[in-house]
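Trainee: Sharing model.txt (compact mmCIF, C-alpha atoms) below.
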# COMPACT_ATOMS: atom_id res chain seq x y z
CA MET A 1 -25.92 5.41 -56.75
CA MET A 2 -25.37 9.06 -57.71
CA TYR A 3 -21.89 8.99 -56.12
CA ASP A 4 -20.99 5.82 -58.06
CA ASP A 5 -21.95 7.57 -61.37
CA LEU A 6 -19.88 10.62 -60.51
CA LEU A 7 -16.90 8.43 -59.54
CA ALA A 8 -17.19 6.50 -62.84
CA LYS A 9 -17.25 9.72 -64.84
CA SER A 10 -14.34 11.35 -62.96
CA PHE A 11 -11.92 8.40 -62.90
CA SER A 12 -11.01 5.55 -65.18
CA LYS A 13 -11.43 1.94 -64.05
CA HIS A 14 -7.69 1.66 -63.36
CA GLU A 15 -7.66 4.90 -61.38
CA ARG A 16 -10.68 3.79 -59.30
CA LYS A 17 -8.82 0.56 -58.44
CA LYS A 18 -5.75 2.52 -57.31
CA LEU A 19 -7.96 4.82 -55.26
CA GLY A 20 -9.52 1.78 -53.52
CA TYR A 21 -6.09 0.40 -52.58
CA GLY A 22 -5.06 3.81 -51.27
CA ALA A 23 -8.18 4.06 -49.11
CA PHE A 24 -7.57 0.56 -47.71
CA PHE A 25 -3.95 1.29 -46.72
CA GLY A 26 -4.97 4.68 -45.32
CA CYS A 27 -7.53 3.02 -43.00
CA LEU A 28 -4.95 0.40 -42.03
CA LEU A 29 -2.46 3.14 -41.11
CA ILE A 30 -5.05 4.96 -38.98
CA ALA A 31 -5.99 1.73 -37.19
CA LEU A 32 -2.31 0.97 -36.51
CA SER A 33 -1.83 4.46 -35.08
CA PHE A 34 -4.77 4.01 -32.67
CA TYR A 35 -3.36 0.62 -31.62
CA THR A 36 0.08 2.11 -30.96
CA VAL A 37 -1.31 5.01 -28.90
CA PHE A 38 -3.86 3.12 -26.82
CA LYS A 39 -2.21 -0.31 -26.43
CA PRO A 40 -0.41 0.64 -23.13
CA TYR A 41 -3.81 1.19 -21.48
CA TRP A 42 -5.31 -2.18 -22.48
CA GLY A 43 -3.44 -4.40 -20.06
CA PRO A 44 -1.35 -4.43 -16.89
CA LEU A 45 1.86 -2.48 -16.91
CA PRO A 46 5.03 -4.53 -17.58
CA ALA A 47 7.25 -5.84 -14.83
CA LEU A 48 10.61 -4.28 -14.06
CA ASN A 49 13.57 -6.05 -15.67
CA LEU A 50 16.92 -6.33 -13.94
CA LYS A 51 20.00 -7.48 -15.85
CA LEU A 52 23.64 -8.12 -15.04
CA SER A 53 25.69 -6.69 -17.92
CA MET A 54 29.35 -7.53 -18.52
CA ALA A 55 31.96 -5.06 -19.80
CA ALA A 56 31.46 -6.09 -23.42
CA ALA A 57 27.74 -5.53 -23.12
CA ALA A 58 28.33 -2.13 -21.52
CA GLU A 59 30.16 -0.95 -24.62
CA ILE A 60 27.14 -1.49 -26.89
CA MET A 61 24.53 0.02 -24.55
CA THR A 62 22.97 3.41 -25.35
CA ASP A 63 25.25 6.35 -26.10
CA LYS A 64 24.04 7.98 -22.88
CA MET A 65 26.12 5.46 -20.96
CA GLU A 66 29.88 5.82 -20.75
CA PRO A 67 31.54 2.74 -22.33
CA VAL A 68 33.97 0.64 -20.39
CA THR A 69 37.38 1.19 -22.01
CA ASN A 70 39.45 -1.19 -19.93
CA LYS A 71 40.56 -3.94 -22.32
CA THR A 72 42.27 -6.16 -19.74
CA GLU A 73 41.34 -9.80 -19.49
CA PRO A 74 38.09 -10.31 -17.56
CA VAL A 75 38.34 -11.56 -14.01
CA ILE A 76 36.04 -14.45 -13.19
CA LYS A 77 34.24 -13.74 -9.93
CA LYS A 78 31.58 -15.70 -8.10
CA MET A 79 28.59 -13.64 -6.95
CA GLU A 80 25.54 -14.23 -4.81
CA PRO A 81 22.19 -13.67 -6.58
CA LEU A 82 21.22 -9.99 -6.76
CA CYS A 83 17.54 -10.64 -6.13
CA ASP A 84 15.75 -12.60 -3.42
CA VAL A 85 12.44 -13.87 -4.78
CA THR A 86 11.85 -16.40 -1.98
CA GLU A 87 10.14 -14.04 0.49
CA ARG A 88 6.39 -14.62 0.67
CA ARG A 89 5.32 -10.98 0.70
CA GLY A 90 7.67 -9.31 -1.80
CA ASP A 91 10.75 -9.64 -4.00
CA ILE A 92 13.77 -7.45 -3.25
CA CYS A 93 17.07 -6.79 -5.04
CA ASN A 94 20.14 -5.35 -3.28
CA ILE A 95 22.50 -4.08 -5.96
CA ASP A 96 25.89 -2.50 -5.25
CA GLY A 97 28.21 -1.14 -7.92
CA ASP A 98 27.68 0.62 -11.24
CA VAL A 99 23.88 0.53 -11.31
CA ARG A 100 22.11 2.18 -14.24
CA ILE A 101 18.35 2.69 -14.48
CA GLN A 102 16.47 3.40 -17.68
CA GLY A 103 13.04 4.39 -16.43
CA ASN A 104 10.95 4.45 -19.59
CA SER A 105 12.05 0.90 -20.46
CA SER A 106 11.58 -0.35 -16.86
CA SER A 107 15.15 -1.66 -16.87
CA VAL A 108 17.88 -1.75 -14.22
CA PHE A 109 21.45 -2.62 -15.25
CA LEU A 110 24.41 -3.62 -13.10
CA VAL A 111 27.50 -3.04 -15.23
CA SER A 112 30.62 -5.01 -14.30
CA SER A 113 34.09 -5.22 -15.83
CA GLU A 114 34.49 -8.62 -14.22
CA MET A 115 33.15 -11.88 -15.57
CA SER A 116 30.64 -12.74 -12.85
CA ILE A 117 29.13 -16.13 -12.26
CA LEU A 118 25.87 -16.06 -10.32
CA ALA A 119 24.45 -18.92 -8.30
CA GLY A 120 21.97 -20.72 -10.54
CA ASN A 121 23.50 -18.99 -13.61
CA ASN A 122 20.68 -16.42 -13.62
CA ASN A 123 21.75 -13.02 -14.92
CA SER A 124 18.31 -11.45 -15.19
CA TRP A 125 15.13 -11.10 -13.14
CA SER A 126 11.66 -9.73 -13.80
CA ILE A 127 9.95 -8.42 -10.67
CA ARG A 128 7.20 -6.03 -9.57
CA PRO A 129 8.48 -3.83 -6.70
CA TYR A 130 5.37 -3.86 -4.47
CA ALA A 131 5.30 -5.58 -1.08
CA ARG A 132 2.28 -7.88 -1.54
CA LYS A 133 3.31 -10.30 -4.27
CA ASP A 134 1.06 -13.12 -3.02
CA ASP A 135 -2.02 -11.07 -4.03
CA PRO A 136 -2.62 -11.32 -7.82
CA ALA A 137 -5.22 -8.53 -7.80
CA ALA A 138 -2.78 -6.05 -6.28
CA MET A 139 0.13 -7.06 -8.52
CA LYS A 140 -1.92 -6.85 -11.72
CA SER A 141 -1.81 -3.03 -11.76
CA LEU A 142 2.00 -2.61 -11.46
CA HIS A 143 4.99 -2.11 -13.81
CA ALA A 144 8.12 -1.18 -13.14
CA LYS A 145 23.17 9.67 -18.45
CA LYS A 146 23.00 11.13 -15.07
CA ASN A 147 25.45 10.17 -12.34
CA GLN A 148 23.96 10.19 -8.82
CA SER A 149 26.08 10.29 -5.68
CA VAL A 150 23.63 8.59 -3.32
CA PRO A 151 22.06 5.10 -3.32
CA ALA A 152 18.51 4.64 -4.56
CA ILE A 153 15.39 2.67 -3.64
CA LEU A 154 12.90 1.83 -6.36
CA PHE A 155 9.34 1.00 -5.31
CA SER A 156 5.78 1.06 -6.63
CA GLN A 157 2.84 3.19 -5.58
CA GLY A 158 0.39 0.86 -7.29
CA GLY A 159 -1.46 -2.11 -5.80
CA TYR A 160 -3.92 -1.23 -3.02
CA THR A 161 -2.46 2.20 -2.20
CA GLY A 162 -5.25 4.63 -1.42
CA ASN A 163 -6.58 2.33 1.29
CA HIS A 164 -5.10 3.65 4.56
CA PHE A 165 -4.37 0.16 5.90
CA HIS A 166 -2.49 -0.90 2.76
CA ASP A 167 -0.74 2.48 2.58
CA PHE A 168 0.97 1.62 5.86
CA SER A 169 1.24 -2.17 5.75
CA ASP A 170 2.36 -2.43 2.09
CA VAL A 171 4.34 0.76 1.53
CA ILE A 172 5.03 3.11 4.47
CA ILE A 173 6.30 0.52 6.98
CA PRO A 174 8.27 -1.44 4.32
CA LEU A 175 9.75 1.83 3.02
CA TYR A 176 10.79 2.77 6.56
CA LEU A 177 12.43 -0.65 7.00
CA THR A 178 14.29 -0.37 3.71
CA SER A 179 15.41 3.27 3.82
CA ARG A 180 15.94 4.20 7.47
CA GLN A 181 19.51 2.87 7.41
CA TYR A 182 20.53 5.70 5.04
CA ASN A 183 19.48 8.50 7.42
CA GLY A 184 17.92 10.50 4.57
CA GLU A 185 20.85 10.11 2.15
CA VAL A 186 18.89 8.04 -0.37
CA GLN A 187 17.01 8.78 -3.58
CA PHE A 188 13.48 7.41 -3.94
CA LEU A 189 12.58 6.20 -7.44
CA ILE A 190 8.83 5.75 -7.87
CA THR A 191 7.00 3.71 -10.46
CA ASP A 192 3.19 3.88 -10.87
CA LYS A 193 3.28 7.40 -9.40
CA ARG A 194 0.18 8.76 -7.66
CA PRO A 195 0.64 12.49 -6.88
CA TRP A 196 -2.19 12.62 -4.33
CA TRP A 197 -0.53 9.77 -2.40
CA ILE A 198 2.76 11.67 -2.28
CA ALA A 199 0.95 14.76 -1.01
CA LYS A 200 -0.84 12.70 1.65
CA PHE A 201 2.37 11.25 3.10
CA LYS A 202 4.70 14.16 2.36
CA ALA A 203 5.85 14.48 5.98
CA ILE A 204 6.94 10.84 6.16
CA LEU A 205 8.65 10.82 2.76
CA LYS A 206 10.60 14.01 3.54
CA ASN A 207 11.87 12.50 6.78
CA LEU A 208 13.07 9.35 5.01
CA SER A 209 14.78 11.05 2.05
CA ARG A 210 16.33 14.49 1.64
CA TYR A 211 15.94 14.30 -2.13
CA GLU A 212 13.04 15.08 -4.43
CA LEU A 213 11.12 12.00 -5.52
CA MET A 214 11.90 10.80 -9.04
CA ASP A 215 9.13 9.47 -11.27
CA ILE A 216 11.25 6.83 -12.97
CA ASP A 217 8.52 5.92 -15.48
CA ARG A 218 8.87 9.35 -17.12
CA GLU A 219 12.66 9.55 -17.16
CA GLN A 220 14.19 9.46 -20.65
CA GLU A 221 17.80 9.53 -19.48
CA VAL A 222 19.83 6.74 -17.94
CA HIS A 223 20.56 7.33 -14.24
CA CYS A 224 23.65 5.84 -12.62
CA PHE A 225 23.74 5.07 -8.89
CA PRO A 226 26.41 3.61 -6.58
CA SER A 227 23.79 1.10 -5.36
CA VAL A 228 20.09 0.42 -5.78
CA ILE A 229 17.48 -1.55 -3.84
CA VAL A 230 14.60 -2.64 -6.04
CA GLY A 231 11.49 -3.44 -3.97
CA LEU A 232 10.84 -3.05 -0.25
CA LYS A 233 11.54 -5.16 2.83
CA ARG A 234 8.30 -6.55 4.23
CA ASN A 235 7.43 -8.48 7.36
CA VAL A 236 5.13 -11.48 6.86
CA LYS A 237 2.63 -10.22 9.46
CA GLU A 238 0.47 -7.18 8.77
CA MET A 239 1.38 -3.82 10.31
CA SER A 240 4.44 -5.18 12.05
CA ILE A 241 8.23 -5.29 12.16
CA ASP A 242 10.21 -8.30 13.40
CA PRO A 243 13.08 -6.81 15.48
CA SER A 244 14.91 -10.16 15.42
CA LYS A 245 15.12 -9.94 11.62
CA TYR A 246 15.52 -6.21 11.11
CA SER A 247 17.39 -3.44 12.94
CA TYR A 248 14.16 -1.68 13.91
CA SER A 249 10.91 -2.36 15.76
CA MET A 250 7.36 -1.02 15.66
CA SER A 251 8.25 1.08 18.72
CA ASP A 252 11.01 2.71 16.68
CA PHE A 253 8.59 3.27 13.80
CA ARG A 254 6.04 4.90 16.12
CA GLU A 255 8.73 7.20 17.53
CA PHE A 256 9.61 8.11 13.96
CA LEU A 257 5.96 9.03 13.30
CA ARG A 258 5.85 11.14 16.47
CA SER A 259 8.83 13.07 15.12
CA CYS A 260 7.35 13.43 11.60
CA TYR A 261 4.08 14.90 12.86
CA SER A 262 5.37 16.59 16.05
CA LEU A 263 3.04 14.52 18.25
CA LYS A 264 3.20 15.67 21.87
CA ARG A 265 1.80 12.82 23.94
CA VAL A 266 4.08 9.90 24.72
CA ASN A 267 1.84 8.08 27.22
CA ALA A 268 -1.90 7.68 27.69
CA ILE A 269 -3.56 8.90 30.86
CA LYS A 270 -3.06 6.82 34.01
CA LEU A 271 -6.23 7.03 36.08
CA ARG A 272 -6.27 7.13 39.86
CA ASP A 273 -9.31 6.77 42.13
CA ASP A 274 -8.64 10.13 43.78
CA GLN A 275 -8.42 12.02 40.49
CA HIS A 276 -11.21 13.39 38.37
CA LYS A 277 -9.50 13.50 34.99
CA MET A 278 -11.62 12.43 32.06
CA PRO A 279 -10.05 9.97 29.62
CA GLN A 280 -10.38 10.93 25.95
CA LEU A 281 -12.44 8.54 23.81
CA LEU A 282 -12.25 8.86 20.02
CA ILE A 283 -14.94 7.11 17.99
CA ILE A 284 -13.86 6.50 14.38
CA SER A 285 -16.91 7.06 12.20
CA ARG A 286 -17.56 5.69 8.70
CA LYS A 287 -20.01 7.14 6.19
CA ARG A 288 -20.48 4.34 3.67
CA THR A 289 -20.18 0.79 5.00
CA ARG A 290 -19.76 -0.70 8.48
CA SER A 291 -20.90 2.60 9.94
CA LEU A 292 -22.27 3.02 13.46
CA THR A 293 -25.90 3.99 13.05
CA ASN A 294 -26.51 5.09 16.67
CA ILE A 295 -23.42 7.14 17.50
CA GLY A 296 -25.59 9.56 19.52
CA GLU A 297 -26.63 6.78 21.91
CA ILE A 298 -23.08 5.48 22.20
CA THR A 299 -21.72 8.96 22.94
CA LYS A 300 -24.33 9.56 25.64
CA MET A 301 -23.59 6.23 27.35
CA ALA A 302 -19.79 6.72 27.18
CA SER A 303 -20.11 10.23 28.63
CA SER A 304 -22.11 8.86 31.56
CA LEU A 305 -19.15 6.56 32.35
CA GLY A 306 -16.75 9.50 32.57
CA TYR A 307 -15.32 9.70 29.03
CA LYS A 308 -14.81 12.89 27.08
CA VAL A 309 -16.04 11.76 23.66
CA THR A 310 -14.96 12.91 20.20
CA VAL A 311 -16.39 11.51 16.94
CA ALA A 312 -14.33 11.91 13.76
CA GLU A 313 -13.73 10.36 10.36
CA PRO A 314 -10.17 10.18 8.94
CA THR A 315 -9.33 12.57 6.11
CA MET A 316 -6.49 13.08 3.63
CA ASN A 317 -4.95 15.49 6.15
CA VAL A 318 -2.85 12.87 7.94
CA SER A 319 -1.05 15.43 10.12
CA LYS A 320 -4.25 16.87 11.59
CA PHE A 321 -5.82 13.47 12.21
CA ALA A 322 -2.60 12.06 13.71
CA GLU A 323 -2.65 14.90 16.23
CA LEU A 324 -6.26 14.10 17.15
CA VAL A 325 -5.54 10.38 17.60
CA ASN A 326 -2.46 11.14 19.69
CA SER A 327 -4.60 13.22 22.05
CA CYS A 328 -6.92 10.32 22.94
CA ASP A 329 -6.60 7.47 25.43
CA VAL A 330 -9.13 5.07 23.93
CA LEU A 331 -9.84 4.63 20.22
CA MET A 332 -12.85 2.62 19.08
CA GLY A 333 -14.42 1.80 15.74
CA VAL A 334 -15.82 -0.89 13.50
CA HIS A 335 -13.22 -2.96 11.62
CA GLY A 336 -11.88 -0.89 8.73
CA ALA A 337 -8.96 1.11 7.40
CA GLY A 338 -9.59 3.96 9.86
CA LEU A 339 -8.26 1.78 12.69
CA THR A 340 -4.82 1.95 11.06
CA ASN A 341 -4.46 5.26 12.89
CA ILE A 342 -3.57 3.31 16.04
CA VAL A 343 0.03 3.94 14.93
CA PHE A 344 -0.42 7.50 16.28
CA LEU A 345 -1.79 6.49 19.70
CA PRO A 346 0.29 7.24 22.80
CA LYS A 347 1.79 4.30 24.68
CA ASN A 348 -0.60 2.28 26.88
CA ALA A 349 -3.61 3.64 25.02
CA ILE A 350 -6.45 1.21 24.19
CA LEU A 351 -7.97 0.07 20.92
CA ILE A 352 -11.53 -1.25 20.99
CA GLN A 353 -12.26 -2.99 17.70
CA ILE A 354 -15.92 -3.65 16.95
CA VAL A 355 -16.05 -6.87 14.95
CA PRO A 356 -18.96 -7.09 12.48
CA PHE A 357 -21.05 -10.23 12.02
CA GLY A 358 -19.74 -12.89 9.62
CA ASP A 359 -16.79 -14.78 11.16
CA PHE A 360 -14.70 -11.63 11.03
CA GLU A 361 -12.44 -12.56 13.94
CA TRP A 362 -9.53 -13.86 11.83
CA LEU A 363 -9.40 -10.68 9.78
CA ALA A 364 -9.88 -8.37 12.75
CA ARG A 365 -7.07 -9.96 14.75
CA THR A 366 -4.69 -10.26 11.79
CA ASP A 367 -5.05 -6.62 10.73
CA TYR A 368 -5.30 -4.85 14.08
CA GLY A 369 -5.46 -7.20 17.09
CA GLU A 370 -2.04 -8.83 16.69
CA PRO A 371 -0.20 -5.64 15.62
CA THR A 372 -1.14 -3.81 18.86
CA LYS A 373 1.15 -6.16 20.82
CA ASP A 374 4.26 -4.63 19.24
CA MET A 375 2.93 -1.06 19.52
CA ASN A 376 2.51 -1.02 23.31
CA VAL A 377 -1.23 -0.53 22.77
CA LYS A 378 -3.82 -2.52 24.74
CA TYR A 379 -6.50 -4.35 22.77
CA LEU A 380 -10.17 -5.04 23.44
CA GLU A 381 -12.54 -6.74 21.00
CA TYR A 382 -16.30 -6.50 20.85
CA LYS A 383 -18.07 -8.99 18.59
CA ILE A 384 -21.53 -7.82 17.62
CA SER A 385 -24.58 -10.06 17.79
CA THR A 386 -26.80 -10.84 14.81
CA GLU A 387 -29.37 -8.34 16.11
CA GLU A 388 -26.78 -5.53 16.06
CA SER A 389 -26.11 -6.03 12.33
CA THR A 390 -28.21 -4.30 9.67
CA LEU A 391 -27.98 -7.53 7.66
CA VAL A 392 -31.11 -8.63 9.55
CA GLN A 393 -33.01 -6.02 7.53
CA GLN A 394 -31.76 -7.47 4.23
CA TYR A 395 -31.92 -11.27 4.66
CA PRO A 396 -34.41 -13.67 6.32
CA PRO A 397 -33.28 -15.31 9.59
CA ASP A 398 -32.75 -18.73 7.96
CA HIS A 399 -30.55 -17.34 5.14
CA VAL A 400 -27.07 -18.80 4.60
CA VAL A 401 -25.65 -15.36 5.43
CA PHE A 402 -26.57 -16.05 9.07
CA LYS A 403 -26.58 -19.83 9.17
CA ASP A 404 -23.25 -20.52 7.47
CA PRO A 405 -20.93 -17.50 6.91
CA TYR A 406 -18.04 -19.87 6.27
CA SER A 407 -19.71 -21.15 3.10
CA ILE A 408 -19.59 -17.60 1.73
CA GLN A 409 -15.96 -17.21 2.79
CA LYS A 410 -15.13 -20.34 0.79
CA GLN A 411 -16.36 -18.56 -2.35
CA GLY A 412 -13.45 -16.14 -2.02
CA PHE A 413 -12.70 -12.77 -0.48
CA ILE A 414 -14.74 -10.84 -3.07
CA ALA A 415 -17.88 -12.79 -2.14
CA PHE A 416 -17.16 -12.35 1.58
CA LYS A 417 -16.50 -8.62 1.16
CA SER A 418 -19.60 -8.00 -0.93
CA VAL A 419 -21.86 -9.25 1.87
CA TYR A 420 -20.20 -8.75 5.25
CA MET A 421 -18.06 -5.69 4.51
CA ASP A 422 -20.01 -3.75 1.88
CA LYS A 423 -23.63 -4.36 2.93
CA GLN A 424 -23.34 -4.25 6.70
CA ASN A 425 -23.74 -1.40 9.18
CA VAL A 426 -23.82 -1.69 12.97
CA LYS A 427 -26.33 -0.55 15.57
CA LEU A 428 -24.63 -1.19 18.90
CA ASP A 429 -26.64 -2.47 21.83
CA VAL A 430 -25.33 0.15 24.27
CA ASN A 431 -26.18 -1.97 27.32
CA ARG A 432 -24.34 -4.96 25.89
CA PHE A 433 -21.37 -2.76 24.88
CA ARG A 434 -21.16 -0.91 28.21
CA PRO A 435 -18.93 -3.52 29.98
CA THR A 436 -16.31 -3.13 27.22
CA LEU A 437 -15.97 0.59 27.95
CA LEU A 438 -15.81 -0.16 31.69
CA LYS A 439 -12.99 -2.65 31.00
CA ALA A 440 -11.11 0.06 29.15
CA LEU A 441 -11.39 2.33 32.19
CA GLU A 442 -10.04 -0.50 34.33
CA LEU A 443 -7.03 -0.88 32.03
CA LEU A 444 -6.30 2.85 32.23
CA HIS A 445 -5.98 2.43 36.01
CA GLN A 446 -3.18 -0.14 35.59
Just give me the structure of the file as structure tokens.
Mentor:
Amino acid sequence: MMYDDLLAKSFSKHERKKLGYGAFFGCLLIALSFYTVFKPYWGPLPALNLKLSMAAAAEIMTDKMEPVTNKTEPVIKKMEPLCDVTERRGDICNIDGDVRIQGNSSSVFLVSSEMSILAGNNNSWSIRPYARKDDPAAMKSLHAKKNQSVPAILFSQGGYTGNHFHDFSDVIIPLYLTSRQYNGEVQFLITDKRPWWIAKFKAILKNLSRYELMDIDREQEVHCFPSVIVGLKRNVKEMSIDPSKYSYSMSDFREFLRSCYSLKRVNAIKLRDDQHKMPQLLIISRKRTRSLTNIGEITKMASSLGYKVTVAEPTMNVSKFAELVNSCDVLMGVHGAGLTNIVFLPKNAILIQIVPFGDFEWLARTDYGEPTKDMNVKYLEYKISTEESTLVQQYPPDHVVFKDPYSIQKQGFIAFKSVYMDKQNVKLDVNRFRPTLLKALELLHQ
């Protein structure tokens, strides 16, 4: 009330009215400023736009682009579509010619002096350059004048990157497939940049491209390339390459990795009855979920069978862990991203995948069982019993978790993951598991 009296004495009624309007517009301006600054963080990043621009359009583009001055009559030319959006796993655009990329607007332009007619009359596309387009959760987090002398590949580091399995299946292997043909003479353009990811896979990236990575999201200038591929080639199956469709195979990819990390061993040990060499067994450990709770017992039993046992958990130092994996003959672990390191195993080595309880077989075989066939790695699978799962300590025996795992699967992957992947650890019955390790020894004799 005191402030109202002071305001009445200091200003006339008309002046107080003007002051009220000024305060209202001032607040509105502040609110608009907050909206402008923070709006980009409130939703998923925009998709990347690709447009075919004719000569006339090129003349009115930004002043950073050189205008097309040829005034001759346009030539009508029939073209195939620039982008293939029919592949199940990812969209890809192969663009040859005067390609111009404006990073901060997520736009790619193909400038042509010819009047081009595309099949379907589509001159523009909106895509997200990440090789898992059938997964809405992964795609939700993506978005997409200097003359360059080499072609470029534009891809995203968003999606599920950070998970070792998805690092390889969604980005590293597709990037190898897409870029290997250039023998290093290609510029990588990255959207959704994650510096720690680049540091993690520095050895691979440097062997695929001789040029420094370009964070296209931060580029203010227009970059012109002789050709650009937007998106990455991706095989339908996980962790695999179809040699009948592409010029490379998983064997070629594994040789490439051996070169990147200077891995010495080409072949696993071949045991003979008259030799006393000890095969190397690496147990992949996990700290949080699906961990082996009795590794001491397992190590003791494996040692009694003649294995030299090492227990290790993967780290961000890919080079060091790749060397360790390459030194072993048998790799074993519970289903999880750590098993992706089979790509570093020598030929004829063995993967033993421990399959948790909960109808996990389909996932285990899709992610790791099937891929071993193309890697020249032998595969053994051990499915745990109900008693070997720590879920028995969390749910009664007649619970749906044990009686009908499929009913939980039907609720969706999140529901399945929350129970069988996030809440479950494994205590192996060493006597029940023993024949699996004996089978591995038998395979190393072959």
Trainee: Have a look at atom CA of His276 of chain A and atom CA of His445 of chain A and let me know their distance in Å, one decimal.
Mentor: 12.4 Å
Trainee: Counting all atoms listed in the file, which residues have an atom no more than 12 Å from (10.0, -6.3, 16.9) in the file's coordinates? Please list them as a ChimeraX atom specification.
Mentor: /A:177,235,237,239-254,371-376
Trainee: In file coordinates, which residues lie within 9 Å of (-31.3, 1.1, 23.1) using only C-alpha atoms, given as a CSV table (one decimal) with C-alpha atoms, in the coordinates of the input?
Mentor:
chain,number,residue,atom,x,y,z
A,294,ASN,CA,-26.5,5.1,16.7
A,297,GLU,CA,-26.6,6.8,21.9
A,428,LEU,CA,-24.6,-1.2,18.9
A,429,ASP,CA,-26.6,-2.5,21.8
A,430,VAL,CA,-25.3,0.2,24.3
A,431,ASN,CA,-26.2,-2.0,27.3
Trainee: Tell me which protein, DNA and RNA residues are within 9 Å of Tyr406 of chain A, counting only C-alpha atoms, leaving out same-chain ones fewer than 6 positions away, and put them as a list of chain:residue names.
Mentor: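 So, after excluding close chain neighbours, the residues are A:Gly358, A:Asp359, A:Phe416.
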Trainee: With distances taken over all atoms listed in the file, which residue among A:Gly184, A:Pro279, A:Gly412, A:Gly333 lies nearest Ile298 of chain A?
Mentor: A:Gly333
